[in-house]
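Novice: Once you've had a glance at the structure underneath, I'll fire off some questions.
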Amino acid sequence: MAMAIDGYECTVCGDCKPVCPTGSIALQGGIYTIDADSCNECADAGEPRCLGVCPVDFCIQPLDD
């Protein structure tokens, strides 16, 4: 499973990018995106680190398959 950023909710603050241990978060076309192929939901940390730093509720959610 991977996480996804809702482009409509994202304020483009960038807080999530530096905490991503897999480097899965990138700024593309003026919005942040998460590469589903490399995101592992921070399996070693218990919960995705991006969720802990994002100031917007429901901006980052598990990717629906």
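Going through the structure tokens in order, the chains are called A, B, and so on, while each chain numbers its residues from 1 and the ligands are numbered from 1 in the order shown.
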Name the residues in contact with Ser38 in chain A at a cut-off of 8 Å, using only C-alpha atoms, excluding same-chain residues fewer than 3 positions from it; report them as a PyMOL selection string.
Specialist: chain A and resi 22-24+35
Novice: Quick one: DSSP strand (DSSP E) residues in chain A, as a PyMOL selection string?
Specialist: chain A and resi 3-5+25-28+31-34+60-62
Novice: List the spatial neighbours of range 4-10 of chain A as a PDB file with N, CA and C atoms, in the first residue's frame - criterion: any atom at most 9 Å away, only C-alpha atoms, same-chain residues fewer than 5 positions off excluded.
Specialist:
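Written output follows (around_7.pdb):
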```
ATOM      1  N   ILE A  31       2.347  20.866  -7.544  1.00  0.00           N
ATOM      2  CA  ILE A  31       1.742  20.149  -6.422  1.00  0.00           C
ATOM      3  C   ILE A  31       2.676  19.018  -6.001  1.00  0.00           C
ATOM      4  N   TYR A  32       2.549  18.609  -4.751  1.00  0.00           N
ATOM      5  CA  TYR A  32       3.345  17.483  -4.270  1.00  0.00           C
ATOM      6  C   TYR A  32       2.636  16.178  -4.604  1.00  0.00           C
ATOM      7  N   THR A  33       3.412  15.196  -4.984  1.00  0.00           N
ATOM      8  CA  THR A  33       2.890  13.874  -5.309  1.00  0.00           C
ATOM      9  C   THR A  33       3.734  12.824  -4.582  1.00  0.00           C
ATOM     10  N   ILE A  34       3.148  11.645  -4.433  1.00  0.00           N
ATOM     11  CA  ILE A  34       3.861  10.529  -3.816  1.00  0.00           C
ATOM     12  C   ILE A  34       3.960   9.398  -4.833  1.00  0.00           C
ATOM     13  N   ASP A  35       5.160   8.923  -5.061  1.00  0.00           N
ATOM     14  CA  ASP A  35       5.387   7.804  -5.972  1.00  0.00           C
ATOM     15  C   ASP A  35       4.931   6.517  -5.284  1.00  0.00           C
ATOM     16  N   ALA A  36       3.843   5.955  -5.775  1.00  0.00           N
ATOM     17  CA  ALA A  36       3.257   4.757  -5.162  1.00  0.00           C
ATOM     18  C   ALA A  36       4.181   3.548  -5.242  1.00  0.00           C
ATOM     19  N   CYS A  54       2.051  16.934   8.224  1.00  0.00           N
ATOM     20  CA  CYS A  54       1.124  17.658   7.341  1.00  0.00           C
ATOM     21  C   CYS A  54       0.155  18.494   8.181  1.00  0.00           C
ATOM     22  N   VAL A  56      -2.570  19.879   7.159  1.00  0.00           N
ATOM     23  CA  VAL A  56      -3.925  19.847   6.606  1.00  0.00           C
ATOM     24  C   VAL A  56      -4.550  18.469   6.814  1.00  0.00           C
ATOM     25  N   ASP A  57      -5.687  18.433   7.489  1.00  0.00           N
ATOM     26  CA  ASP A  57      -6.409  17.179   7.675  1.00  0.00           C
ATOM     27  C   ASP A  57      -6.865  16.626   6.330  1.00  0.00           C
ATOM     28  N   PHE A  58      -6.721  15.358   6.137  1.00  0.00           N
ATOM     29  CA  PHE A  58      -7.192  14.620   4.963  1.00  0.00           C
ATOM     30  C   PHE A  58      -6.456  14.979   3.671  1.00  0.00           C
ATOM     31  N   CYS A  59      -5.315  15.640   3.780  1.00  0.00           N
ATOM     32  CA  CYS A  59      -4.518  15.930   2.585  1.00  0.00           C
ATOM     33  C   CYS A  59      -3.809  14.669   2.104  1.00  0.00           C
ATOM     34  N   ILE A  60      -3.285  13.893   3.047  1.00  0.00           N
ATOM     35  CA  ILE A  60      -2.549  12.675   2.715  1.00  0.00           C
ATOM     36  C   ILE A  60      -3.353  11.480   3.224  1.00  0.00           C
ATOM     37  N   GLN A  61      -3.653  10.591   2.309  1.00  0.00           N
ATOM     38  CA  GLN A  61      -4.490   9.424   2.620  1.00  0.00           C
ATOM     39  C   GLN A  61      -3.887   8.173   1.975  1.00  0.00           C
ATOM     40  N   PRO A  62      -4.266   6.999   2.448  1.00  0.00           N
ATOM     41  CA  PRO A  62      -3.838   5.783   1.766  1.00  0.00           C
ATOM     42  C   PRO A  62      -4.371   5.769   0.337  1.00  0.00           C
ATOM     43  N   LEU A  63      -3.539   5.337  -0.564  1.00  0.00           N
ATOM     44  CA  LEU A  63      -3.917   5.253  -1.971  1.00  0.00           C
ATOM     45  C   LEU A  63      -4.935   4.144  -2.161  1.00  0.00           C
ATOM     46  N   ASP A  64      -6.041   4.464  -2.801  1.00  0.00           N
ATOM     47  CA  ASP A  64      -7.038   3.442  -3.121  1.00  0.00           C
ATOM     48  C   ASP A  64      -6.566   2.650  -4.320  1.00  0.00           C
TER      49      ASP A  64
END
```
Novice: My list of candidates is A:Cys39, A:Ala45, A:Leu27, A:Cys50. Which is closest to Val12 in chain A when distances are computed with only C-alpha atoms?
Specialist: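 Using only C-alpha atoms, Val12 in chain A sits closest to A:Leu27.
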Novice: With only C-alpha atoms as the atoms that count, which of A:Cys42, A:Gln28, A:Pro55, A:Arg49 lies nearest to Thr11 in chain A?
Specialist: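 Nearest to Thr11 in chain A: A:Pro55.
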Novice: When you draw a straight line from CA of Asp37 in chain A to CA of Val53 in chain A, how long is it in Å?
Specialist: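 Between CA of Asp37 in chain A and CA of Val53 in chain A the gap is 21.7 Å.
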Novice: Compile the contact shell of Pro48 in chain A as JSON, numbers by chain: residues with an atom at most 9 Å away, counting only C-alpha atoms, same-chain residues fewer than 6 positions apart removed.
Specialist: {"A": [3, 20, 40, 41, 42]}
Novice: For the atom pair CA of Gly14 in chain A and CA of Gly30 in chain A, what is the interatomic distance in Å to one decimal place?
Specialist: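 Between CA of Gly14 in chain A and CA of Gly30 in chain A the gap works out to 11.0 Å.
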